[in-house]
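target25.txt (compact mmCIF, C-alpha atoms and all ligand atoms)
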```txt
# COMPACT_ATOMS: atom_id res chain seq x y z
CA MET A 17 -1.62 -40.42 -42.11
CA SER A 18 -4.48 -41.17 -44.47
CA ALA A 19 -5.13 -39.39 -47.78
CA ALA A 20 -8.39 -38.11 -46.26
CA ALA A 21 -6.52 -36.37 -43.44
CA SER A 22 -4.10 -34.66 -45.80
CA ALA A 23 -7.09 -33.32 -47.79
CA SER A 24 -8.55 -31.71 -44.66
CA PRO A 25 -8.28 -27.95 -44.25
CA ILE A 26 -5.89 -25.93 -42.13
CA GLY A 27 -7.60 -23.75 -39.52
CA VAL A 28 -6.33 -20.19 -39.15
CA PHE A 29 -7.62 -17.69 -36.62
CA ASP A 30 -7.00 -14.23 -35.29
CA SER A 31 -8.87 -11.70 -33.18
CA GLY A 32 -9.92 -10.09 -36.48
CA VAL A 33 -8.66 -9.23 -39.93
CA GLY A 34 -4.97 -9.18 -38.94
CA GLY A 35 -4.48 -12.89 -39.48
CA LEU A 36 -5.14 -12.31 -43.16
CA SER A 37 -1.50 -11.17 -43.35
CA VAL A 38 -0.54 -14.69 -42.23
CA LEU A 39 -3.15 -16.35 -44.47
CA ARG A 40 -1.67 -14.43 -47.41
CA ALA A 41 1.76 -15.93 -46.65
CA LEU A 42 0.26 -19.41 -46.13
CA ARG A 43 -1.57 -19.33 -49.45
CA ALA A 44 1.65 -18.28 -51.19
CA GLU A 45 3.76 -20.97 -49.49
CA LEU A 46 1.14 -23.75 -49.58
CA PRO A 47 -1.17 -23.01 -52.53
CA HIS A 48 -2.67 -26.50 -52.67
CA GLU A 49 -4.08 -26.39 -49.17
CA ARG A 50 -7.63 -25.62 -48.12
CA TYR A 51 -8.08 -23.06 -45.33
CA ILE A 52 -10.77 -22.11 -42.86
CA TYR A 53 -10.22 -18.58 -41.57
CA VAL A 54 -11.95 -17.38 -38.41
CA ALA A 55 -11.87 -13.68 -37.52
CA ASP A 56 -13.01 -13.17 -33.95
CA SER A 57 -13.80 -9.51 -34.60
CA GLY A 58 -16.83 -9.64 -32.31
CA HIS A 59 -14.43 -10.15 -29.40
CA ALA A 60 -11.49 -7.99 -30.52
CA PRO A 61 -9.15 -6.47 -29.66
CA TYR A 62 -7.52 -9.27 -27.68
CA GLY A 63 -4.43 -7.24 -26.86
CA GLU A 64 -6.16 -4.90 -24.45
CA ARG A 65 -8.06 -7.66 -22.60
CA ASP A 66 -6.86 -10.07 -19.92
CA ASP A 67 -5.35 -13.49 -20.58
CA ALA A 68 -8.47 -15.31 -19.39
CA HIS A 69 -10.48 -13.73 -22.23
CA VAL A 70 -7.88 -14.63 -24.87
CA ILE A 71 -7.50 -18.18 -23.55
CA ALA A 72 -11.27 -18.75 -23.52
CA ARG A 73 -11.71 -17.39 -27.05
CA SER A 74 -8.77 -19.39 -28.43
CA ASP A 75 -10.09 -22.56 -26.83
CA ALA A 76 -13.62 -22.04 -28.19
CA ILE A 77 -12.34 -21.35 -31.71
CA ALA A 78 -10.00 -24.35 -31.71
CA ARG A 79 -12.86 -26.61 -30.65
CA TYR A 80 -15.15 -25.14 -33.31
CA LEU A 81 -12.55 -25.67 -36.03
CA ARG A 82 -11.95 -29.27 -35.00
CA GLU A 83 -15.57 -30.20 -34.48
CA GLN A 84 -17.10 -28.45 -37.47
CA HIS A 85 -14.27 -28.55 -40.02
CA SER A 86 -12.05 -31.48 -38.99
CA ILE A 87 -8.93 -29.37 -39.45
CA LYS A 88 -5.62 -31.19 -39.81
CA ALA A 89 -3.56 -28.32 -38.35
CA LEU A 90 -4.13 -25.00 -36.63
CA VAL A 91 -2.32 -21.73 -37.24
CA VAL A 92 -2.71 -19.20 -34.44
CA ALA A 93 -2.32 -16.10 -36.62
CA CYS A 94 -2.24 -13.76 -33.65
CA ASN A 95 0.78 -12.83 -31.54
CA THR A 96 -1.43 -12.02 -28.55
CA ALA A 97 -3.25 -15.37 -28.61
CA THR A 98 0.02 -17.23 -29.17
CA ALA A 99 1.59 -15.56 -26.14
CA ALA A 100 -1.41 -16.11 -23.87
CA ALA A 101 -2.84 -19.43 -25.00
CA ILE A 102 -0.65 -21.61 -27.19
CA LYS A 103 0.89 -23.57 -24.33
CA LEU A 104 -2.54 -24.60 -23.04
CA MET A 105 -3.82 -25.27 -26.55
CA ARG A 106 -0.94 -27.64 -27.19
CA GLN A 107 -1.74 -29.45 -23.97
CA ASP A 108 -5.45 -29.70 -24.78
CA HIS A 109 -4.92 -30.72 -28.42
CA ALA A 110 -1.77 -32.82 -28.22
CA ASP A 111 -2.73 -34.70 -31.41
CA LEU A 112 -3.14 -31.53 -33.51
CA PRO A 113 -0.18 -29.74 -35.14
CA ILE A 114 -0.36 -26.13 -33.90
CA VAL A 115 1.77 -23.28 -35.25
CA GLY A 116 1.95 -19.93 -33.47
CA ILE A 117 3.47 -16.57 -34.27
CA GLU A 118 5.81 -14.38 -32.26
CA PRO A 119 7.43 -11.03 -32.93
CA ALA A 120 10.49 -11.45 -35.19
CA LEU A 121 13.01 -10.16 -32.66
CA LYS A 122 15.73 -12.67 -33.47
CA PRO A 123 16.05 -11.97 -37.23
CA ALA A 124 15.68 -8.25 -36.54
CA ALA A 125 18.57 -8.25 -34.07
CA ALA A 126 20.67 -10.30 -36.47
CA SER A 127 20.16 -7.99 -39.43
CA SER A 128 20.05 -4.53 -37.80
CA LYS A 129 23.11 -2.46 -38.66
CA THR A 130 22.61 0.23 -36.01
CA GLY A 131 21.77 -2.38 -33.37
CA VAL A 132 18.58 -0.51 -32.48
CA VAL A 133 15.36 -2.40 -33.16
CA GLY A 134 11.83 -1.05 -32.72
CA VAL A 135 9.05 -3.42 -31.69
CA MET A 136 5.38 -2.53 -32.06
CA ALA A 137 2.92 -4.99 -30.51
CA THR A 138 -0.15 -5.16 -28.34
CA ARG A 139 0.17 -4.34 -24.66
CA SER A 140 -0.69 -7.92 -23.79
CA THR A 141 2.00 -9.41 -26.05
CA LEU A 142 4.71 -7.13 -24.63
CA GLN A 143 3.73 -7.97 -21.05
CA SER A 144 3.55 -11.72 -21.66
CA GLU A 145 6.00 -14.14 -20.11
CA LYS A 146 6.65 -15.65 -23.55
CA PHE A 147 7.73 -12.30 -24.98
CA GLN A 148 9.79 -11.35 -21.92
CA THR A 149 11.63 -14.68 -22.17
CA LEU A 150 12.35 -14.10 -25.85
CA LEU A 151 13.59 -10.59 -25.08
CA ALA A 152 15.85 -11.84 -22.28
CA SER A 153 17.33 -14.49 -24.59
CA LEU A 154 18.53 -11.69 -26.89
CA ASN A 155 20.12 -9.63 -24.15
CA GLY A 156 23.14 -7.83 -25.60
CA LYS A 157 22.29 -8.65 -29.23
CA ALA A 158 20.50 -5.34 -29.88
CA ARG A 159 18.77 -2.49 -28.08
CA PHE A 160 15.03 -3.02 -28.35
CA VAL A 161 12.63 -0.08 -28.19
CA LEU A 162 9.22 -1.48 -27.25
CA GLN A 163 5.96 0.24 -28.05
CA ALA A 164 2.48 -0.93 -27.02
CA CYS A 165 0.00 0.33 -29.59
CA ASP A 166 -3.38 0.61 -27.86
CA GLY A 167 -6.16 1.47 -30.27
CA LEU A 168 -4.30 0.58 -33.46
CA VAL A 169 -5.95 -2.83 -33.91
CA ASP A 170 -9.33 -1.21 -33.38
CA ALA A 171 -8.58 1.47 -36.00
CA ILE A 172 -7.50 -1.21 -38.50
CA GLU A 173 -10.61 -3.29 -37.80
CA ARG A 174 -12.81 -0.24 -38.38
CA GLU A 175 -10.82 0.92 -41.43
CA ASP A 176 -10.57 4.31 -39.75
CA ALA A 177 -8.06 6.15 -41.93
CA ILE A 178 -7.62 9.12 -39.60
CA GLN A 179 -7.09 7.00 -36.50
CA LYS A 180 -4.72 4.64 -38.31
CA GLY A 181 -2.55 7.53 -39.53
CA ALA A 182 -2.59 9.31 -36.16
CA ALA A 183 -1.71 6.15 -34.21
CA CYS A 184 1.16 5.24 -36.54
CA SER A 185 2.59 8.72 -36.40
CA ASP A 186 2.19 9.11 -32.60
CA TYR A 187 3.57 5.69 -31.70
CA THR A 188 6.58 5.84 -34.00
CA ARG A 189 7.37 9.37 -32.76
CA ALA A 190 7.29 8.07 -29.20
CA MET A 191 9.88 5.41 -30.11
CA GLY A 192 12.58 7.88 -31.11
CA ARG A 193 14.51 8.49 -34.30
CA PHE A 194 14.35 6.13 -37.28
CA GLY A 195 17.19 5.94 -39.79
CA SER A 196 20.53 4.37 -40.51
CA SER A 197 22.79 6.60 -38.40
CA GLU A 198 24.23 5.54 -35.09
CA GLY A 199 21.60 5.26 -32.36
CA GLU A 200 18.69 5.28 -34.81
CA ILE A 201 16.09 2.53 -35.25
CA ASP A 202 16.82 0.90 -38.61
CA THR A 203 14.57 -2.17 -38.17
CA LEU A 204 10.96 -2.22 -37.02
CA VAL A 205 9.31 -5.45 -35.90
CA LEU A 206 5.56 -5.59 -36.55
CA GLY A 207 4.66 -7.75 -33.57
CA CYS A 208 0.95 -7.91 -34.28
CA THR A 209 -0.53 -9.49 -37.39
CA HIS A 210 -2.77 -6.48 -37.97
CA TYR A 211 0.14 -4.07 -38.43
CA PRO A 212 1.28 -5.10 -41.95
CA PHE A 213 -2.02 -3.53 -43.00
CA VAL A 214 -0.81 -0.07 -41.94
CA GLU A 215 2.48 -0.34 -43.82
CA LEU A 216 1.66 2.78 -45.85
CA GLU A 217 0.87 4.82 -42.76
CA LEU A 218 4.06 3.58 -41.08
CA ARG A 219 6.15 4.37 -44.13
CA ARG A 220 4.72 7.87 -44.15
CA ALA A 221 5.93 8.27 -40.56
CA ILE A 222 9.34 6.58 -40.67
CA GLY A 223 10.42 6.72 -44.31
CA ASP A 224 11.35 4.08 -46.86
CA THR A 225 14.69 2.83 -45.63
CA VAL A 226 13.71 1.25 -42.32
CA VAL A 227 13.36 -2.52 -42.61
CA LEU A 228 9.93 -3.81 -41.56
CA MET A 229 9.82 -7.33 -40.16
CA GLU A 230 6.63 -9.34 -40.00
CA GLY A 231 6.09 -12.95 -39.10
CA GLY A 232 3.77 -14.33 -41.80
CA ALA A 233 6.37 -15.92 -44.08
CA PRO A 234 8.26 -17.78 -41.30
CA VAL A 235 4.95 -19.10 -39.96
CA ALA A 236 4.04 -20.37 -43.43
CA ARG A 237 7.42 -22.12 -43.75
CA GLN A 238 7.04 -23.66 -40.30
CA THR A 239 3.55 -24.89 -41.22
CA ARG A 240 4.98 -26.54 -44.33
CA ARG A 241 7.71 -28.26 -42.27
CA LEU A 242 5.24 -29.53 -39.70
CA LEU A 243 2.79 -30.87 -42.29
CA ALA A 244 5.60 -32.49 -44.26
CA ASP A 245 6.91 -34.18 -41.09
CA LYS A 246 3.50 -35.64 -40.39
CA GLN A 247 2.85 -36.49 -44.04
CA LEU A 248 -0.12 -34.17 -44.03
CA LEU A 249 0.68 -31.98 -47.04
CA ALA A 250 -2.17 -31.86 -49.57
CA GLU A 251 -1.71 -33.42 -52.97
CA PRO A 252 -0.64 -30.81 -55.53
CA GLU A 253 -3.87 -30.28 -57.45
CA ALA A 254 -5.53 -27.15 -58.73
CA LEU A 255 -8.09 -25.91 -56.23
CA ALA A 256 -11.35 -24.33 -57.25
CA ASP A 257 -12.53 -21.01 -55.81
CA GLY A 258 -13.89 -21.50 -52.34
CA SER A 259 -10.91 -23.51 -51.12
CA THR A 260 -10.55 -20.85 -48.43
CA LEU A 261 -13.64 -20.34 -46.31
CA PHE A 262 -14.14 -17.24 -44.18
CA PHE A 263 -16.05 -16.91 -40.93
CA THR A 264 -16.38 -13.98 -38.56
CA THR A 265 -17.95 -13.27 -35.20
CA GLY A 266 -18.12 -9.62 -36.25
CA LYS A 267 -19.38 -7.90 -39.39
CA ALA A 268 -19.18 -10.07 -42.52
CA GLU A 269 -18.75 -7.04 -44.75
CA MET A 270 -15.63 -5.95 -42.88
CA LEU A 271 -13.86 -9.27 -43.41
CA ALA A 272 -15.02 -9.47 -47.05
CA ASN A 273 -13.60 -5.97 -47.68
CA ALA A 274 -10.32 -6.87 -46.02
CA ALA A 275 -10.02 -10.11 -48.02
CA ARG A 276 -10.70 -8.23 -51.25
CA ARG A 277 -8.17 -5.59 -50.38
CA TRP A 278 -5.34 -7.69 -48.94
CA LEU A 279 -5.77 -11.08 -50.60
CA ARG A 280 -7.48 -10.00 -53.82
CA LEU A 281 -10.18 -12.54 -53.04
CA GLU A 282 -13.92 -12.19 -53.47
CA ALA A 283 -14.73 -14.02 -50.26
CA ALA A 284 -18.14 -15.25 -49.22
CA VAL A 285 -18.02 -14.61 -45.49
CA SER A 286 -20.30 -16.45 -43.08
CA ALA A 287 -21.34 -14.99 -39.77
CA LEU A 288 -20.49 -17.13 -36.80
CA GLN A 289 -21.32 -17.22 -33.12
CA ILE A 290 -18.94 -19.14 -30.92
CA ALA A 291 -19.81 -18.97 -27.26
N1 LIG A 301 -3.56 -9.65 -34.60
C1 LIG A 301 -3.43 -9.71 -33.16
C2 LIG A 301 -1.96 -9.91 -32.80
O1 LIG A 301 -1.20 -10.37 -33.63
C3 LIG A 301 -4.09 -8.51 -32.58
C4 LIG A 301 -4.52 -8.71 -31.20
C5 LIG A 301 -5.64 -7.82 -30.78
O2 LIG A 301 -6.79 -8.13 -31.11
O3 LIG A 301 -5.38 -6.86 -30.05
O4 LIG A 301 -1.52 -9.64 -31.70
```
Target encoding structure tokens, full file:
Amino acid sequence: MSAAASASPIGVFDSGVGGLSVLRALRAELPHERYIYVADSGHAPYGERDDAHVIARSDAIARYLREQHSIKALVVACNTATAAAIKLMRQDHADLPIVGIEPALKPAAASSKTGVVGVMATRSTLQSEKFQTLLASLNGKARFVLQACDGLVDAIEREDAIQKGAACSDYTRAMGRFGSSEGEIDTLVLGCTHYPFVELELRRAIGDTVVLMEGGAPVARQTRRLLADKQLLAEPEALADGSTLFFTTGKAEMLANAARRWLRLEAAVSALQIA
């Protein structure tokens, strides 16, 4: 692949601010890369909509990133979009490396001592064929307690402290007992990229000892492997500010606040309309 292609940015998208948890891991793993982040907050939450909506949005964003930014790879930083759309996206963009994210059930089952693993995700992710296949492949490896968390993405998007706290406390209570004794959930999979941003609220509800599993770091490592395979890794050079560009179909201020808070970045966010 040419030097020009390896200098192209990596596209990253999510239904909103959640994908910043993946972008954070990507920037740590691959600090010499340029990134274009798209938050589709104007069309969120994906997880309480039907597949057709998520597929159409994912397709429109992928086309935008290719046409306007000539991305060299795409990271689908959304469990819901990965479950609903990644198969089609790989068919439609066979020449583009695409990395998706899925709930970290396998490592959770492998490391849980009590053998009881909690999984929080969107309704759509839990109902998806992709997730059900993953779950079936781990039959007998652990007992999984699944919890759809309607409203939690919305509360995170709106930075609604009361709603975030209430949702975390209600949903974890509904899952049963957390702890390290027999029958208790000792490992909690955060199966939505928004949820790392309510870690404090979750900790308040379940305590400090439960292991939280998120998917950002494995996605970043997989992105590195894929780029290396295709000789698309950027040259190691110091990048100036502005090497990550932010776009949103929602409120610019919301994404700028989230980037400041979670990535410690003063981001100039551009508003975007993708039909
Ligand atoms: N961050 C998305 C995920 O990982 C949230 C989906 C939504 O908008 O409901 O599933």
### Task
Can you work out which one of A:Ala137, A:Met105, A:Val161, A:Leu228 has the shortest atom-to-atom distance to ligand LIG 301 (chain A), counting only C-alpha atoms and all ligand atoms?
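Ranked by minimum distance to ligand LIG 301 (chain A), first place goes to A:Ala137.
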### Message
Taking 2 positions as the minimum chain separation for residues in the same chain, which residues sit within 10 Å of region 267-276 of chain A when counting all atoms listed in the file? Answer as a ChimeraX atom specification.
### Response
/A:32-34,36-37,39-40,54-58,172-175,213,262-265,278-288
### Task
Can you work out which one of A:Ala99, A:Val205, A:Leu104, A:Ala110 has the shortest atom-to-atom distance to ligand LIG 301 (chain A), counting all atoms listed in the file?
A:Ala99
### Message
I'd like to know which of A:Gln247, A:Ser197, A:Thr209, A:Thr260 is closest to Val132 (chain A), using all atoms listed in the file.
### Response
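Ranked by minimum distance to Val132 (chain A), first place goes to A:Ser197.
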### Task
Return as JSON, numbers by chain the residues of protein, DNA or RNA that approach ligand LIG 301 (chain A) to within 8 Å, with only C-alpha atoms and all ligand atoms taken into account.
{"A": [30, 31, 32, 33, 34, 35, 57, 60, 61, 62, 63, 64, 65, 93, 94, 95, 96, 97, 117, 137, 138, 140, 141, 169, 170, 207, 208, 209, 210, 211]}
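Of the residues under consideration (A:Asp224, A:Asp166, A:Glu217, A:Glu118), A:Glu118 shows the shortest atom-to-atom contact distance to Ala100 (chain A) when counting only C-alpha atoms.
When all atoms listed in the file are used to compute distances to His59 (chain A), the closest of the residues A:Gln163, A:Leu261, A:Ser74, A:Gln148 turns out to be A:Ser74.
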### Message
Would you compute the distance between CA of Ala44 (chain A) and CA of Met136 (chain A)? Give it in Å to one decimal.
### Response
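Distance between the two atoms: 25.1 Å.
Remark: for Val226 (chain A), the closest of the candidate residues A:Cys184, A:Leu206, A:Ser153, A:Phe194 is A:Phe194 (distances computed over all atoms listed in the file).
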### Task
Extract, using all atoms listed in the file, all DNA, RNA and protein residues at most 12 Å from region 241-244 of chain A, discarding same-chain residues fewer than 6 positions from it, and format them as a PyMOL selection string.
chain A and resi 17+21-26+45-46+49+88-91+112-116+234-235+250-251
### Task
Kindly give the distance, in Å, that separates CA of Ser86 (chain A) and CA of Ile52 (chain A), rounded to a single decimal.
10.2 Å
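We find CA of Ala236 (chain A) and CA of Asp108 (chain A) to be spaced 22.9 Å apart.
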### Task
Name the residues in contact with Ala291 (chain A) at a cut-off of 10 Å, using all atoms listed in the file, excluding same-chain residues fewer than 6 positions from it; report them as a list of chain:residue names.
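Residues meeting the cut-off are A:Ala72, A:Arg73, A:Ala76, A:Ile77, A:Tyr80, A:Thr265.
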Please list as an mmCIF file with C-alpha atoms, in the frame of the given file every residue within 10 Å of Met229 (chain A), counting all atoms listed in the file and excluding residues in the same chain fewer than 4 positions away.
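Printed below is result-v2.cif as written:
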```
data_model
loop_
_atom_site.group_PDB
_atom_site.id
_atom_site.type_symbol
_atom_site.label_atom_id
_atom_site.label_comp_id
_atom_site.auth_asym_id
_atom_site.auth_seq_id
_atom_site.Cartn_x
_atom_site.Cartn_y
_atom_site.Cartn_z
ATOM 1 C CA PRO A 119 7.430 -11.030 -32.930
ATOM 2 C CA ALA A 120 10.490 -11.450 -35.190
ATOM 3 C CA LEU A 121 13.010 -10.160 -32.660
ATOM 4 C CA PRO A 123 16.050 -11.970 -37.230
ATOM 5 C CA ALA A 124 15.680 -8.250 -36.540
ATOM 6 C CA GLY A 134 11.830 -1.050 -32.720
ATOM 7 C CA VAL A 135 9.050 -3.420 -31.690
ATOM 8 C CA THR A 203 14.570 -2.170 -38.170
ATOM 9 C CA LEU A 204 10.960 -2.220 -37.020
ATOM 10 C CA VAL A 205 9.310 -5.450 -35.900
ATOM 11 C CA LEU A 206 5.560 -5.590 -36.550
ATOM 12 C CA GLY A 207 4.660 -7.750 -33.570
ATOM 13 C CA PRO A 212 1.280 -5.100 -41.950
#
```
Please define a box with edges along x, y and z of the file around all atoms of region 276-289 of chain A given in the file, extend it by 8 Å on each side, and return its centre and edge lengths in Å to one decimal, as lines of an AutoDock Vina configuration file.
```
center_x = -13.3
center_y = -11.4
center_z = -43.5
size_x = 32.0
size_y = 27.6
size_z = 36.7
```
